[in-house]
Structure formats: structure tokens, C-alpha cells
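model.csv follows; it contains CSV, C-alpha atoms.
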chain,number,residue,atom,x,y,z
A,24,MET,CA,-12.2,18.7,-8.0
A,25,ASN,CA,-14.8,16.0,-8.2
A,26,LYS,CA,-13.5,13.4,-5.8
A,27,SER,CA,-15.7,10.5,-7.0
A,28,LEU,CA,-13.8,7.6,-8.6
A,29,LYS,CA,-15.2,6.1,-11.8
A,30,PHE,CA,-14.3,3.3,-14.3
A,31,ARG,CA,-13.1,4.6,-17.6
A,32,ASP,CA,-15.3,4.4,-20.7
A,33,ASP,CA,-13.5,1.2,-21.7
A,34,GLY,CA,-14.4,-0.3,-18.3
A,35,THR,CA,-10.9,-0.2,-16.7
A,36,PHE,CA,-9.6,1.5,-13.6
A,37,VAL,CA,-5.9,1.7,-13.0
A,38,ILE,CA,-4.2,2.1,-9.6
A,39,VAL,CA,-0.5,2.8,-9.1
A,40,GLN,CA,0.9,1.7,-5.8
A,41,PHE,CA,3.9,3.7,-4.5
A,42,THR,CA,5.3,2.2,-1.3
A,43,ASP,CA,8.1,3.1,1.2
A,44,VAL,CA,9.1,6.3,-0.6
A,45,GLU,CA,10.4,7.6,2.9
A,46,PHE,CA,10.9,11.2,2.0
A,47,ILE,CA,12.9,13.3,4.3
A,48,ASP,CA,14.1,16.9,4.3
A,49,GLU,CA,17.4,18.7,3.9
A,50,PHE,CA,18.4,18.3,7.5
A,51,ASP,CA,18.8,14.5,7.3
A,52,TYR,CA,22.2,13.2,8.4
A,53,ASP,CA,22.8,11.3,5.2
A,54,PRO,CA,24.1,13.6,2.4
A,55,GLU,CA,22.7,11.2,-0.2
A,56,SER,CA,19.1,11.5,1.0
A,57,PRO,CA,18.2,14.6,-1.0
A,58,LYS,CA,19.6,12.9,-4.1
A,59,LEU,CA,17.5,9.8,-3.4
A,60,ASP,CA,14.4,11.8,-3.0
A,61,GLU,CA,14.9,13.4,-6.4
A,62,GLU,CA,15.5,10.0,-7.9
A,63,THR,CA,12.3,8.8,-6.3
A,64,ARG,CA,10.4,11.8,-7.7
A,65,ARG,CA,11.7,11.2,-11.2
A,66,LEU,CA,10.7,7.5,-10.9
A,67,MET,CA,7.1,8.4,-9.8
A,68,GLU,CA,6.8,11.0,-12.6
A,69,MET,CA,7.8,8.3,-15.1
A,70,VAL,CA,5.3,5.8,-13.8
A,71,ILE,CA,2.5,8.3,-13.8
A,72,ARG,CA,3.4,9.3,-17.4
A,73,GLU,CA,3.5,5.7,-18.6
A,74,GLU,CA,0.6,4.2,-16.7
A,75,ARG,CA,-1.8,7.2,-16.5
A,76,PRO,CA,-3.4,6.0,-13.3
A,77,ASP,CA,-6.9,6.8,-12.1
A,78,LEU,CA,-5.7,6.6,-8.5
A,79,ILE,CA,-2.3,6.6,-6.7
A,80,VAL,CA,-2.1,4.8,-3.4
A,81,PHE,CA,0.9,5.4,-1.0
A,82,THR,CA,1.0,2.2,1.1
A,83,GLY,CA,2.9,3.6,4.1
A,84,ASP,CA,6.3,4.9,5.1
A,85,VAL,CA,5.5,8.0,3.1
A,86,ILE,CA,8.2,9.7,5.1
A,87,ALA,CA,11.1,8.7,7.4
A,88,SER,CA,9.8,10.9,10.2
A,89,ALA,CA,12.6,10.2,12.7
A,90,ARG,CA,15.1,11.5,10.1
A,91,THR,CA,13.4,14.8,9.3
A,92,LYS,CA,13.0,18.0,11.3
A,93,ASP,CA,9.7,18.9,9.5
A,94,PRO,CA,7.6,15.7,8.9
A,95,MET,CA,4.7,17.8,7.5
A,96,ALA,CA,6.9,19.4,4.9
A,97,SER,CA,8.4,16.0,4.0
A,98,PHE,CA,4.9,14.5,3.6
A,99,ARG,CA,3.9,17.4,1.3
A,100,ARG,CA,7.0,16.9,-0.8
A,101,ALA,CA,6.3,13.1,-1.0
A,102,VAL,CA,2.7,13.5,-2.3
A,103,ALA,CA,3.4,16.6,-4.4
A,104,VAL,CA,4.0,14.3,-7.4
A,105,ALA,CA,0.3,13.3,-7.4
A,106,GLU,CA,-0.9,16.8,-6.7
A,107,ASP,CA,1.2,18.3,-9.5
A,108,ASN,CA,0.0,15.8,-12.0
A,109,ARG,CA,-3.6,16.2,-10.8
A,110,VAL,CA,-4.1,12.5,-10.1
A,111,PRO,CA,-6.5,11.4,-7.3
A,112,TRP,CA,-4.5,9.8,-4.5
A,113,ALA,CA,-4.8,8.4,-1.0
A,114,ALA,CA,-2.3,7.3,1.6
A,115,VAL,CA,-2.2,4.8,4.5
A,116,PHE,CA,0.6,5.1,7.1
A,117,GLY,CA,3.5,2.9,8.1
A,118,ASN,CA,5.7,2.4,11.1
A,119,HIS,CA,8.2,5.1,10.0
A,120,ASP,CA,5.5,7.7,9.4
A,121,SER,CA,5.0,8.3,13.2
A,122,GLU,CA,8.4,7.9,14.7
A,123,GLY,CA,9.0,11.7,14.7
A,124,HIS,CA,7.1,14.4,16.6
A,125,VAL,CA,4.0,14.4,14.4
A,126,THR,CA,1.2,11.9,15.0
A,127,ARG,CA,-0.5,9.8,12.5
A,128,ALA,CA,-3.8,11.6,13.2
A,129,GLU,CA,-2.1,14.9,12.4
A,130,MET,CA,-0.6,13.5,9.2
A,131,HIS,CA,-4.0,12.1,8.2
A,132,ARG,CA,-5.6,15.5,8.7
A,133,LEU,CA,-2.8,17.0,6.5
A,134,GLN,CA,-3.5,14.6,3.6
A,135,LEU,CA,-7.2,15.5,3.7
A,136,GLN,CA,-6.3,19.2,3.1
A,137,HIS,CA,-4.8,18.4,-0.4
A,138,GLU,CA,-6.9,19.1,-3.4
A,139,TYR,CA,-6.5,15.8,-5.2
A,140,CYS,CA,-6.5,13.6,-2.1
A,141,VAL,CA,-9.6,11.3,-2.0
A,142,ALA,CA,-9.1,9.8,1.4
A,143,LYS,CA,-11.8,10.3,4.0
A,144,GLU,CA,-12.0,11.2,7.6
A,145,ASP,CA,-11.7,8.3,10.1
A,146,PRO,CA,-14.9,6.6,11.3
A,147,PRO,CA,-15.6,7.5,14.9
A,148,GLY,CA,-14.6,5.0,17.5
A,149,VAL,CA,-12.1,3.1,15.3
A,150,ILE,CA,-8.5,2.9,16.4
A,151,GLY,CA,-5.8,4.4,14.2
A,152,ALA,CA,-5.6,7.1,11.5
A,153,GLY,CA,-6.4,6.4,7.9
A,154,ASN,CA,-9.2,3.9,8.0
A,155,PHE,CA,-11.6,4.6,5.1
A,156,LEU,CA,-13.5,3.2,2.2
A,157,LEU,CA,-13.6,4.3,-1.4
A,158,THR,CA,-15.9,3.0,-4.1
A,159,VAL,CA,-15.4,3.1,-7.9
A,160,GLN,CA,-18.6,3.9,-9.8
A,161,ASP,CA,-19.6,2.0,-12.9
A,162,ASP,CA,-21.3,3.6,-16.0
A,163,SER,CA,-24.6,3.6,-14.3
A,164,GLY,CA,-23.3,5.6,-11.3
A,165,LYS,CA,-23.5,2.7,-8.9
A,166,ALA,CA,-20.6,1.3,-6.9
A,167,GLY,CA,-18.8,-1.3,-9.0
A,168,ALA,CA,-15.8,-1.9,-6.8
A,169,ALA,CA,-14.7,-1.2,-3.3
A,170,LEU,CA,-11.3,-0.1,-2.0
A,171,TYR,CA,-10.5,-0.5,1.7
A,172,PHE,CA,-7.7,1.4,3.4
A,173,LEU,CA,-6.6,0.4,6.9
A,174,ASP,CA,-4.0,1.6,9.4
A,175,SER,CA,-1.9,-1.4,10.3
A,176,GLY,CA,-0.2,0.6,13.1
A,177,ASP,CA,3.5,0.7,13.9
A,178,TYR,CA,5.1,-1.3,16.8
A,179,SER,CA,3.5,-3.8,19.1
A,180,PRO,CA,3.8,-3.3,22.9
A,181,PHE,CA,4.8,-6.9,23.1
A,182,GLY,CA,7.6,-6.7,20.6
A,183,GLY,CA,7.6,-6.8,16.8
A,184,TYR,CA,5.1,-5.0,14.6
A,185,ASP,CA,1.5,-3.9,15.3
A,186,TRP,CA,-1.6,-5.6,14.0
A,187,ILE,CA,-5.0,-4.5,12.6
A,188,ARG,CA,-7.2,-4.3,15.7
A,189,ARG,CA,-10.6,-5.8,16.4
A,190,ASP,CA,-12.6,-2.5,16.0
A,191,GLN,CA,-11.0,-2.0,12.6
A,192,ILE,CA,-12.1,-5.4,11.6
A,193,ASN,CA,-15.6,-4.8,12.9
A,194,TRP,CA,-15.7,-1.6,10.9
A,195,TYR,CA,-14.6,-3.4,7.7
A,196,VAL,CA,-17.2,-6.1,8.2
A,197,SER,CA,-19.9,-3.5,8.7
A,198,GLU,CA,-19.0,-1.6,5.6
A,199,SER,CA,-18.6,-4.8,3.5
A,200,ARG,CA,-22.0,-6.0,4.7
A,201,ALA,CA,-23.7,-2.7,3.8
A,202,LEU,CA,-22.2,-2.7,0.3
A,203,THR,CA,-23.2,-6.3,-0.2
A,204,GLU,CA,-26.8,-5.5,0.7
A,205,GLN,CA,-26.8,-2.5,-1.6
A,206,ASN,CA,-25.5,-4.8,-4.4
A,207,GLY,CA,-28.4,-7.2,-4.1
A,208,GLY,CA,-26.6,-9.7,-1.8
A,209,MET,CA,-23.6,-10.0,-4.0
A,210,PRO,CA,-20.2,-8.9,-2.5
A,211,LEU,CA,-18.6,-6.1,-4.5
A,212,PRO,CA,-15.2,-6.9,-6.0
A,213,ALA,CA,-12.8,-5.3,-3.5
A,214,LEU,CA,-9.1,-4.6,-2.8
A,215,ALA,CA,-7.5,-3.7,0.5
A,216,PHE,CA,-4.4,-1.5,1.1
A,217,PHE,CA,-2.3,-1.3,4.3
A,218,HIS,CA,1.4,-1.2,5.2
A,219,ILE,CA,2.4,-4.1,7.4
A,220,PRO,CA,1.8,-7.6,5.9
A,221,LEU,CA,-0.7,-10.0,7.6
A,222,PRO,CA,0.7,-13.3,9.1
A,223,GLU,CA,-0.8,-15.0,6.1
A,224,TYR,CA,1.8,-13.5,3.9
A,225,ASN,CA,4.3,-16.0,5.4
A,226,GLU,CA,1.8,-18.8,5.1
A,227,VAL,CA,1.2,-18.2,1.4
A,228,TRP,CA,4.9,-18.2,0.7
A,229,ASP,CA,5.4,-21.4,2.6
A,230,THR,CA,2.4,-23.3,1.3
A,231,GLU,CA,1.4,-22.0,-2.2
A,232,VAL,CA,3.0,-21.2,-5.5
A,233,CYS,CA,4.0,-17.5,-5.4
A,234,HIS,CA,5.4,-15.2,-8.1
A,235,GLY,CA,8.1,-12.7,-7.2
A,236,HIS,CA,10.8,-12.4,-4.5
A,237,ARG,CA,11.0,-12.7,-0.7
A,238,LEU,CA,14.6,-11.5,-0.5
A,239,ASP,CA,14.2,-10.2,3.1
A,240,GLY,CA,14.0,-13.9,4.1
A,241,THR,CA,10.6,-13.5,5.8
A,242,CYS,CA,7.6,-11.3,5.8
A,243,SER,CA,7.7,-8.9,8.8
A,244,ALA,CA,4.2,-9.6,10.0
A,245,PRO,CA,2.8,-9.2,13.5
A,246,ARG,CA,3.4,-11.9,16.0
A,247,PHE,CA,-0.3,-12.0,16.7
A,248,ASN,CA,-3.0,-12.9,14.2
A,249,SER,CA,-6.0,-10.6,14.9
A,250,GLY,CA,-8.2,-12.3,12.2
A,251,MET,CA,-8.3,-9.7,9.4
A,252,PHE,CA,-7.7,-12.4,6.7
A,253,ALA,CA,-10.4,-14.6,8.2
A,254,ALA,CA,-12.9,-11.6,8.1
A,255,MET,CA,-12.1,-10.9,4.5
A,256,LEU,CA,-12.5,-14.6,3.6
A,257,GLU,CA,-15.9,-14.7,5.4
A,258,MET,CA,-17.2,-11.5,3.7
A,259,GLY,CA,-16.2,-12.7,0.3
A,260,ASP,CA,-15.4,-9.3,-1.3
A,261,VAL,CA,-11.7,-8.7,-1.1
A,262,MET,CA,-9.9,-10.2,-4.1
A,263,GLY,CA,-6.4,-8.9,-3.2
A,264,THR,CA,-4.4,-7.1,-0.5
A,265,PHE,CA,-1.5,-4.8,-1.2
A,266,VAL,CA,1.3,-3.9,1.4
A,267,GLY,CA,4.8,-2.5,1.6
A,268,HIS,CA,7.1,-2.6,4.6
A,269,ASP,CA,9.6,-5.3,3.5
A,270,HIS,CA,11.7,-3.5,0.9
A,271,ALA,CA,13.1,-6.6,-0.7
A,272,ASN,CA,9.8,-8.5,-1.0
A,273,ASP,CA,7.6,-8.0,-4.1
A,274,PHE,CA,5.8,-11.3,-4.5
A,275,CYS,CA,2.1,-12.2,-5.0
A,276,GLY,CA,0.5,-15.4,-3.9
A,277,THR,CA,-3.1,-16.7,-3.6
A,278,LEU,CA,-4.4,-18.1,-0.3
A,279,HIS,CA,-7.9,-19.4,-0.2
A,280,GLY,CA,-8.9,-17.3,-3.2
A,281,ILE,CA,-7.4,-14.0,-1.9
A,282,ARG,CA,-4.2,-12.7,-3.6
A,283,LEU,CA,-1.7,-11.4,-1.1
A,284,CYS,CA,0.6,-8.9,-2.9
A,285,TYR,CA,3.5,-6.7,-2.1
A,286,GLY,CA,4.2,-3.5,-3.9
A,287,ARG,CA,7.7,-2.9,-5.4
A,288,ALA,CA,9.7,-0.6,-3.1
A,289,THR,CA,9.7,2.8,-4.7
A,290,LYS,CA,12.7,4.6,-3.0
A,291,TYR,CA,15.1,1.8,-2.3
A,292,VAL,CA,14.9,-1.9,-1.6
A,293,SER,CA,16.5,-2.6,1.7
A,294,TYR,CA,19.2,-1.2,4.0
A,295,VAL,CA,21.4,-2.2,6.8
A,296,GLY,CA,22.2,0.8,9.0
A,297,HIS,CA,22.6,3.5,6.4
A,298,GLU,CA,24.0,1.2,3.7
A,299,ARG,CA,21.8,0.8,0.6
A,300,LYS,CA,21.5,-2.8,-0.6
A,301,ASP,CA,19.7,-3.0,-3.9
A,302,HIS,CA,18.3,-6.5,-4.8
A,303,PHE,CA,16.2,-5.5,-7.8
A,304,PRO,CA,15.2,-2.2,-9.5
A,305,THR,CA,13.0,0.2,-7.6
A,306,GLY,CA,9.5,0.8,-9.1
A,307,ALA,CA,5.8,0.6,-8.5
A,308,ARG,CA,3.1,-2.0,-8.7
A,309,VAL,CA,0.2,-1.3,-11.1
A,310,ILE,CA,-3.3,-2.8,-10.6
A,311,GLN,CA,-6.0,-2.8,-13.2
A,312,LEU,CA,-9.7,-3.5,-12.4
A,313,LYS,CA,-12.4,-4.1,-15.0
A,314,ALA,CA,-16.0,-3.2,-14.4
A,315,GLY,CA,-18.2,-6.2,-13.8
A,316,GLU,CA,-15.3,-8.6,-13.3
A,317,ARG,CA,-14.3,-10.2,-10.1
A,318,ASP,CA,-10.6,-10.2,-11.0
A,319,PHE,CA,-7.7,-7.8,-11.5
A,320,ALA,CA,-4.5,-7.7,-13.4
A,321,THR,CA,-1.2,-6.5,-11.9
A,322,TRP,CA,2.3,-5.9,-13.0
A,323,ILE,CA,5.4,-3.9,-12.0
A,324,ARG,CA,6.8,-0.9,-13.7
A,325,GLN,CA,10.5,-0.6,-13.0
A,326,ASN,CA,12.7,2.5,-12.7
A,327,ASP,CA,14.1,2.0,-16.2
A,328,GLY,CA,10.6,2.0,-17.6
A,329,THR,CA,10.4,-1.7,-18.3
A,330,VAL,CA,7.3,-3.6,-17.4
A,331,VAL,CA,7.5,-6.9,-15.5
A,332,ARG,CA,4.4,-9.1,-15.9
A,333,GLY,CA,5.7,-12.5,-15.2
A,334,GLN,CA,7.8,-12.7,-12.0
A,335,PRO,CA,9.9,-15.7,-11.0
A,336,GLU,CA,7.9,-18.7,-9.7
A,337,HIS,CA,8.5,-19.9,-6.2
A,338,GLN,CA,7.4,-23.4,-5.2
A,339,PRO,CA,6.2,-23.9,-1.7
A,340,GLU,CA,8.8,-25.4,0.6
A,341,GLY,CA,6.6,-25.9,3.7
A,342,ARG,CA,6.6,-24.0,6.9
A,343,LEU,CA,9.9,-24.0,8.8
A,344,VAL,CA,9.6,-24.8,12.4
A,345,GLN,CA,12.2,-23.1,14.5
A,346,SER,CA,13.5,-25.0,17.5
Please go through the file and, once you have read it, give me the structure as C-alpha cells.
Amino acid sequence: MNKSLKFRDDGTFVIVQFTDVEFIDEFDYDPESPKLDEETRRLMEMVIREERPDLIVFTGDVIASARTKDPMASFRRAVAVAEDNRVPWAAVFGNHDSEGHVTRAEMHRLQLQHEYCVAKEDPPGVIGAGNFLLTVQDDSGKAGAALYFLDSGDYSPFGGYDWIRRDQINWYVSESRALTEQNGGMPLPALAFFHIPLPEYNEVWDTEVCHGHRLDGTCSAPRFNSGMFAAMLEMGDVMGTFVGHDHANDFCGTLHGIRLCYGRATKYVSYVGHERKDHFPTGARVIQLKAGERDFATWIRQNDGTVVRGQPEHQPEGRLVQS
């Protein structure tokens, strides 16, 4: 397979974001889990059929590794929908991917073995597994857009969730600067994909008009702000970021010119213990780039096949200060 990504003849490039599919295997303690995996597979098949993506991105929690005896087999089952449909794909990892006995590095090596996976090996000296850059070629064969993939980690040693580390940010800045120089000093239109939302996701909900839902009540961001958003702002290339993690959040909001977006949970929305709690239909976020344009369109394809282009508007309420 030719693993280069290209804009279509009409100048578009379509990405489907599947998030938090959390595949398991037959040994899970929940008798409903195999049924849920089959429902998820059918949903992904429908989205691929309707949207005909040029790239599929799994934004973390591809498997629920603590609930499966064979994490590698579960991962292969999760991404098989992309392989079977011969669609280029790539995955970043979430906190649930590495709770079992297989490491993120082993899982990243596994994804690289797949025929239609377009992910790349990790850059040397950079923390995590699944940090890589892809470019989308225009009709002249030059890079017309950049796609950054980052490992947002799992759990912080200080409590809460992990954060994107300094060496990852330095790697991003270096790659961004090189692409800008190759593009005559003009930053390439770029998107970034990772699992755990940045702290700025809470800021944009509190201070700007957003569209969509935050039914989890908060964005489960790290307690520490490592500066990834500031780096993207300074480099001037990233137009939007796409995360998962919070199953009942699906909003987008623009902060200082960067759109911060959630996917739509693909397996289920949220849960308490083992109880499913569905707030809205499962589905997938779709992103469309256009060659030569510094913008993107995005919508949600729901599990009944309907398309949601205009989500509910949320007016900023100001940041709540907890006493």
C-alpha cells in the first residue's frame, strides 16, 4: 500500500475520528460487552460507508486493557474495521489502553505492523508512544497540510491525568518550524490529535461561545498546564485539536484562533461502575480539509446515520472558582 496521504482531485481530504471504542475480548466480566463491540463495529462500518474517509483516526482508549486477557487481540479487533475496508488509519493511545499487561510502546509497534496503518515510529528521545507527524500532499506533490499525533499519557504521579511533556512539545515545535521553512515561511494548516483534553478545554467552555455538550460537567484535563496550547499558538499552524476521554462531552469552541474539539464517543457515552448512561447517540466526528485553505469543516455522524452540523450553542458563564 502507498502510505502517502493526498488531497482528492476536488481538493478535499476527509478524516473520521473514532474515539473511546474500548474493545475487549470474550473474557470480560460484563456479558453485554461482546454485544457492545458488535454494535460499535456496525456503527463504524456505517460511518465509513457514508463518509468515505481518506483517513481514520482512533483518538485513544482503543481498548479497555484492564478488562481483557489479550490486549493485543482486542486492539487488532478494534482496528480491523479500517483494515477490512482498506482505509488508511492511525491511532493515539489513552489512559485505558495501558492499564493491562501490554505497554503503550508494544501497542504502538503492533499498529505499525498493519498494512493500512500510516502511523510512524516514535522520534528518538521523546517520551511516550505514538508521537508522529503526517502530511497531506497537494496536487503538486508538496505538503499541503500537517497532522500531529501526540501521546497524552495516562495518569499523573501527582493525581489526576497525565500531561503532554516538555520534550514532546519541543519535538512538535521543531517539526512545525521545519515545515514552515519548507513552505516559504508560511505555517502549514495543521490539526492535532491526542486523547486527554488540554486545560484550555475548560477555559474555552467557561469563557467563549461553544457548540455541543459538556454533560460530564467538566473536561478531565491535567491539573498541570505544560504549555502545549501556548506552543501551538506561537507556531501558528494548528487550526484545531481533537480529543476523546470524556464520553459525554462533544463540543467545539475557539480559543485565540484555535478550535478545541471533542470527538463523539463511538462505543458509549459515559458510565458509572458498569452501568451505561447514554446522554446522546454514539457516533463519530468527521473533519474535512480543503487544499489551500486555512480552515476546516466538521460535523458528527450519529449511530442512526443522521448528520449533526449545528450543535446546541453554549454561552460562556465565566470560570467557577471553588472554595
Original post:
Near A:Tyr224, counting all atoms listed in the file, which residues have an atom at most 10 Å away, once you skip same-chain residues fewer than 5 positions from it, shown as a ChimeraX atom specification?
Top reply: /A:229,241-244,252,264,266,274-278,282-285
Which stretch 151-208 of chain A residues have any atom within 12 Å of an atom of stretch 122-144 of chain A, and for each, what is the nearest pair of atoms with distance in Å to one decimal, counting all atoms listed in the file, rows sorted by chain and number, as a tab-separated table?
residue	atom	partner	partner_atom	distance
A:Gly151	CA	A:Ala128	CA	7.5
A:Ala152	CA	A:Ala128	CA	5.1
A:Gly153	CA	A:His131	CA	6.2
A:Asn154	CA	A:Glu144	CA	7.8
A:Phe155	CA	A:Lys143	CA	5.8
A:Leu156	CA	A:Lys143	CA	7.5
A:Leu157	CA	A:Ala142	CA	7.6
A:Thr158	CA	A:Val141	CA	10.6
A:Val159	CA	A:Val141	CA	11.6
A:Leu170	CA	A:Ala142	CA	10.7
A:Tyr171	CA	A:Ala142	CA	10.4
A:Phe172	CA	A:Ala142	CA	8.7
A:Leu173	CA	A:Ala142	CA	11.2
A:Asp174	CA	A:Arg127	CA	9.4
A:Ser175	CA	A:Arg127	CA	11.5
A:Gly176	CA	A:Arg127	CA	9.2
A:Asp177	CA	A:Glu122	CA	8.7
A:Tyr178	CA	A:Glu122	CA	10.0
With only C-alpha atoms counted and 10 Å as the cut-off, give the residues of stretch 146-246 of chain A in contact with stretch 36-47 of chain A, each with its shortest interatomic distance in Å and the pair that gives it, as a tab-separated table.
residue	atom	partner	partner_atom	distance
A:Val159	CA	A:Phe36	CA	8.3
A:Ala168	CA	A:Phe36	CA	9.8
A:Phe216	CA	A:Gln40	CA	9.3
A:His218	CA	A:Thr42	CA	8.3
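Atom CA of A:Ala271 is positioned 5.1 Å from atom CA of A:Leu238.
Among the candidate residues A:Ser121, A:Thr289, A:Asp145, A:Gly208, the one lying nearest to A:Arg324 is A:Thr289, with distances computed using all atoms listed in the file.
Here atom CA of A:Arg308 stands at a distance of 23.2 Å from atom CA of A:Pro339.
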How close does stretch 83-168 of chain A get to stretch 57-73 of chain A? List, as CSV, each residue of stretch 83-168 of chain A within 12 Å, its nearest atom pair and the distance in Å to one decimal, counting only C-alpha atoms.
residue,atom,partner,partner_atom,distance
A:Val85,CA,A:Asp60,CA,11.4
A:Ile86,CA,A:Asp60,CA,10.4
A:Ala87,CA,A:Asp60,CA,11.3
A:Arg90,CA,A:Pro57,CA,11.9
A:Thr91,CA,A:Pro57,CA,11.4
A:Ser97,CA,A:Asp60,CA,10.1
A:Phe98,CA,A:Asp60,CA,11.9
A:Arg100,CA,A:Arg64,CA,9.2
A:Ala101,CA,A:Arg64,CA,8.0
A:Val102,CA,A:Arg64,CA,9.6
A:Ala103,CA,A:Arg64,CA,9.1
A:Val104,CA,A:Glu68,CA,6.8
A:Ala105,CA,A:Ile71,CA,8.4
A:Glu106,CA,A:Glu68,CA,11.3
A:Asp107,CA,A:Glu68,CA,9.7
A:Asn108,CA,A:Ile71,CA,8.1
A:Arg109,CA,A:Ile71,CA,10.4
A:Val110,CA,A:Ile71,CA,8.7
A:Pro111,CA,A:Ile71,CA,11.5
A:Trp112,CA,A:Ile71,CA,11.7
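Between A:Ser249 and the candidates A:Ile187, A:Glu198, A:Ala213, A:Gly267, the tightest atom-to-atom separation, counting all atoms listed in the file, involves A:Ile187.
Atom CA of A:Thr305 sits 5.6 Å away from atom CA of A:Asn326.
When only C-alpha atoms are used to compute distances to A:Val115, the closest of the residues A:Trp228, A:Phe319, A:Trp194, A:Phe217 turns out to be A:Phe217.
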Original post:
When distances are computed from only C-alpha atoms, which of A:Asn248, A:Ala215, A:Met258, A:Ala201 shows the smallest separation from A:Arg189?
Top reply: A:Asn248
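Distance annotation: of A:Gln334, A:Asp190, A:Ala114, A:Ala288, the residue with the minimal separation from A:Val149 is A:Asp190; atom set is all atoms listed in the file.
Using all atoms listed in the file, the shortest contact distance between A:His268 and any of A:Phe247, A:Trp322, A:Phe181, A:Phe116 is found at A:Phe116.
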Subject >> Contacts of A:Met251 within 10 Å, all atoms listed in the file, excl. fewer than 2 positions in-chain, as a ChimeraX atom specification >> reply: /A:186-189,191-193,195-196,221-223,248-249,253-257
